[in-house]
Amino acid sequence: MNGLRHIFAVPVVLSGLLLPATAGAAPCVGDQFAQGFPGASGVVTKVADVPSSRFPGFWQEGFVGGLAYIMFANGEVSISEPGDTADWSISLFCDAAEKTCVREQIGTPPALADRVAVQMELCFTDPAAATAPSLEEAEPEPEPEPVPEPEPEPDCGIETLPESDPTSMLQRLLILAGADPGPVDGLWGRKTRQASIDVIGERAQDMSVEDLVLAVDASLCKG
């Protein structure tokens with residue numbers, strides 16, 4: 001399409017020549033391309049001196065949001081940056097009768113160019129639906145709030161005590177539970193037994209030291 005722009009660079013005075021744009025309804029710019037494309041500025045309508053099937057009579061040039069466009073009566077459209085050094089372009093080949101458009105692009109067009117192309121397609125395939133493309137870029141989606149890591153459970157019971165023999169471990173656990181097992185000496189005695197009952201209940205009398213360690217630890221860490 002850039003080549004077409006060069007070929008028709010010289011303006012031609014509209015002579016009133018009436019040529020059908022394409023089979024089907026007139027595009028959104030009218031059958032003589034005299035109406036500006038919705039939202040366009042600097043619109044110029046031109047006509048070929050000698051229309052042909054490749055370069056049918058009318059075409060329109062203009063700008064949408066700073067992007068240049070050329071649309072021809074045969075359904076061909078070119079969208080690019082102004083000038084001849086654009087590093088991207090979008091070309092459309094629309095069939096109004098079939099209500100279809102084929103899109104080709106070079107490079108990476110901006111989001112606005114895509115929105116313009118969508119409305120250009122509608123201009124030929126569903127003229128009443130064509131509107132001025134939005135010139136505002138969509139707000140970026142806010143990044144989701146980071147999910148805080150759950151705080152680790154604080155150490156309790158056995159996890160807070162140094163390794164030791166079962167009876168010494170039990171005595172230390174009983175102290176953590178608020179009981180008085182006597183000195184931590186690793187010896188099973190009356191005070192250790194009574195402290196175990198105070199924490200665990202009467203069932204402590206029938207439990208081994210190892211089971212008491214687990215039971216007292218569970219009572220300390222149950223919350």
# chains A, B, ... in the order shown; residues from 1 in each chain; ligands from 1
>>> select_by_dssp(residues="range 100-207 of chain A", states="strand (DSSP E)", output="count of residues only")
7
>>> residues_around(residues="range 164-169 of chain A", least_positions_apart="6", cutoff="9 Å", atoms="only C-alpha atoms", output="VMD selection string")
chain A and resid 158 184 to 188 192 209 to 210 213
>>> select_by_dssp(residues="chain A", states="alpha helix (DSSP H)", output="number ranges by chain")
A: 2-7, 111-125, 166-176, 190-200, 209-221
>>> residues_around(residues="range 85-91 of chain A", least_positions_apart="3", cutoff="10 Å", atoms="only C-alpha atoms", output="list in words")
Met1, Asn2, Ala68, Tyr69, Ile70, Met71, Glu76, Val77, Ser78, Ile79, Ser80, Glu81, Pro82, Cys94, Cys101, Val102, Arg103, Glu104, Gln105, Ile106, Gly107, Thr108, Pro109, Pro110, Ala113, Asp114, Val116 and Ala117 of chain A
>>> write_last_selection(atoms="N, CA, C and O atoms", output="compact mmCIF listing (two decimals), in the first residue's frame")
# COMPACT_ATOMS: atom_id res chain seq x y z
N MET A 1 0.81 -1.20 0.00
CA MET A 1 0.00 0.00 0.00
C MET A 1 0.86 1.27 0.00
O MET A 1 0.42 2.31 -0.41
N ASN A 2 2.09 1.18 0.57
CA ASN A 2 2.94 2.36 0.52
C ASN A 2 3.19 2.77 -0.92
O ASN A 2 3.27 3.94 -1.26
N ALA A 68 -1.50 7.95 9.96
CA ALA A 68 -1.97 8.24 8.60
C ALA A 68 -2.73 7.04 8.05
O ALA A 68 -2.39 5.89 8.32
N TYR A 69 -3.76 7.32 7.26
CA TYR A 69 -4.49 6.24 6.59
C TYR A 69 -4.80 6.65 5.17
O TYR A 69 -4.91 7.82 4.84
N ILE A 70 -4.93 5.63 4.31
CA ILE A 70 -5.45 5.80 2.95
C ILE A 70 -6.46 4.68 2.76
O ILE A 70 -6.15 3.51 3.04
N MET A 71 -7.65 5.01 2.32
CA MET A 71 -8.65 3.97 2.05
C MET A 71 -9.18 4.16 0.63
O MET A 71 -9.50 5.27 0.21
N GLU A 76 -9.38 -1.47 -0.22
CA GLU A 76 -8.02 -1.56 0.31
C GLU A 76 -7.75 -0.37 1.24
O GLU A 76 -8.17 0.75 0.96
N VAL A 77 -7.05 -0.67 2.33
CA VAL A 77 -6.75 0.36 3.34
C VAL A 77 -5.31 0.20 3.77
O VAL A 77 -4.79 -0.91 3.91
N SER A 78 -4.65 1.32 4.00
CA SER A 78 -3.30 1.32 4.56
C SER A 78 -3.28 2.23 5.77
O SER A 78 -3.79 3.35 5.73
N ILE A 79 -2.72 1.75 6.88
CA ILE A 79 -2.57 2.53 8.11
C ILE A 79 -1.10 2.48 8.51
O ILE A 79 -0.50 1.39 8.55
N SER A 80 -0.51 3.64 8.79
CA SER A 80 0.90 3.66 9.16
C SER A 80 1.20 4.98 9.87
O SER A 80 0.33 5.85 9.99
N GLU A 81 2.43 5.13 10.31
CA GLU A 81 2.88 6.43 10.79
C GLU A 81 3.03 7.36 9.59
O GLU A 81 3.31 6.91 8.48
N PRO A 82 2.87 8.66 9.80
CA PRO A 82 3.06 9.60 8.68
C PRO A 82 4.49 9.51 8.13
O PRO A 82 5.44 9.22 8.87
N CYS A 94 -10.70 -5.46 2.03
CA CYS A 94 -12.07 -5.73 2.44
C CYS A 94 -12.97 -5.99 1.23
O CYS A 94 -12.80 -5.39 0.17
N CYS A 101 -12.85 -8.94 5.70
CA CYS A 101 -11.60 -8.20 5.50
C CYS A 101 -10.43 -9.13 5.83
O CYS A 101 -10.50 -9.91 6.77
N VAL A 102 -9.39 -9.01 5.03
CA VAL A 102 -8.13 -9.72 5.31
C VAL A 102 -7.14 -8.67 5.77
O VAL A 102 -7.00 -7.62 5.13
N ARG A 103 -6.46 -8.97 6.87
CA ARG A 103 -5.50 -8.01 7.42
C ARG A 103 -4.08 -8.55 7.26
O ARG A 103 -3.82 -9.71 7.53
N GLU A 104 -3.18 -7.67 6.85
CA GLU A 104 -1.76 -7.97 6.81
C GLU A 104 -1.03 -6.87 7.55
O GLU A 104 -1.44 -5.71 7.47
N GLN A 105 0.03 -7.21 8.26
CA GLN A 105 0.77 -6.17 8.96
C GLN A 105 2.26 -6.42 8.88
O GLN A 105 2.71 -7.55 8.73
N ILE A 106 2.98 -5.34 8.96
CA ILE A 106 4.45 -5.37 8.98
C ILE A 106 4.89 -4.72 10.28
O ILE A 106 4.36 -3.67 10.67
N GLY A 107 5.84 -5.32 10.96
CA GLY A 107 6.32 -4.75 12.21
C GLY A 107 5.32 -4.94 13.33
O GLY A 107 4.44 -5.81 13.29
N THR A 108 5.42 -4.08 14.33
CA THR A 108 4.56 -4.16 15.51
C THR A 108 3.79 -2.85 15.64
O THR A 108 4.29 -1.88 16.22
N PRO A 109 2.57 -2.81 15.12
CA PRO A 109 1.78 -1.57 15.21
C PRO A 109 1.40 -1.28 16.66
O PRO A 109 1.25 -2.19 17.47
N PRO A 110 1.19 0.00 17.00
CA PRO A 110 0.71 0.33 18.34
C PRO A 110 -0.75 -0.08 18.51
O PRO A 110 -1.45 -0.37 17.54
N ALA A 113 -3.32 1.74 16.37
CA ALA A 113 -3.43 1.30 14.98
C ALA A 113 -4.39 0.12 14.85
O ALA A 113 -5.16 0.03 13.89
N ASP A 114 -4.36 -0.77 15.83
CA ASP A 114 -5.28 -1.91 15.80
C ASP A 114 -6.72 -1.43 15.94
O ASP A 114 -7.62 -1.91 15.23
N VAL A 116 -7.89 1.51 15.09
CA VAL A 116 -8.25 2.16 13.83
C VAL A 116 -8.60 1.11 12.78
O VAL A 116 -9.59 1.23 12.05
N ALA A 117 -7.79 0.06 12.69
CA ALA A 117 -8.03 -0.99 11.70
C ALA A 117 -9.38 -1.67 11.91
O ALA A 117 -10.11 -1.95 10.94
>>> residues_around(residues="Gln205 in chain A", least_positions_apart="4", cutoff="9 Å", atoms="only C-alpha atoms", output="mmCIF file with N, CA and C atoms, in the first residue's frame")
data_model
loop_
_atom_site.group_PDB
_atom_site.id
_atom_site.type_symbol
_atom_site.label_atom_id
_atom_site.label_comp_id
_atom_site.auth_asym_id
_atom_site.auth_seq_id
_atom_site.Cartn_x
_atom_site.Cartn_y
_atom_site.Cartn_z
ATOM 1 N N ARG A 193 5.635 -36.949 89.453
ATOM 2 C CA ARG A 193 4.370 -37.654 89.255
ATOM 3 C C ARG A 193 3.198 -36.711 89.503
ATOM 4 N N GLN A 194 3.238 -35.954 90.619
ATOM 5 C CA GLN A 194 2.126 -35.079 90.961
ATOM 6 C C GLN A 194 1.985 -33.958 89.920
ATOM 7 N N SER A 196 2.712 -34.165 86.832
ATOM 8 C CA SER A 196 2.116 -34.776 85.639
ATOM 9 C C SER A 196 0.610 -34.889 85.799
ATOM 10 N N ILE A 197 0.155 -35.278 87.004
ATOM 11 C CA ILE A 197 -1.289 -35.374 87.247
ATOM 12 C C ILE A 197 -1.926 -33.993 87.170
ATOM 13 N N GLY A 201 -3.959 -34.806 84.286
ATOM 14 C CA GLY A 201 -5.101 -35.413 84.955
ATOM 15 C C GLY A 201 -4.738 -36.790 85.496
#
>>> residues_around(residues="Thr131 in chain A", least_positions_apart="4", cutoff="8 Å", atoms="only C-alpha atoms", output="number ranges by chain")
A: 38-39, 119
>>> closest_residue(among="A:Val64, A:Ala130, A:Leu170, A:Val29", to="Leu214 in chain A", atoms="only C-alpha atoms")
A:Leu170
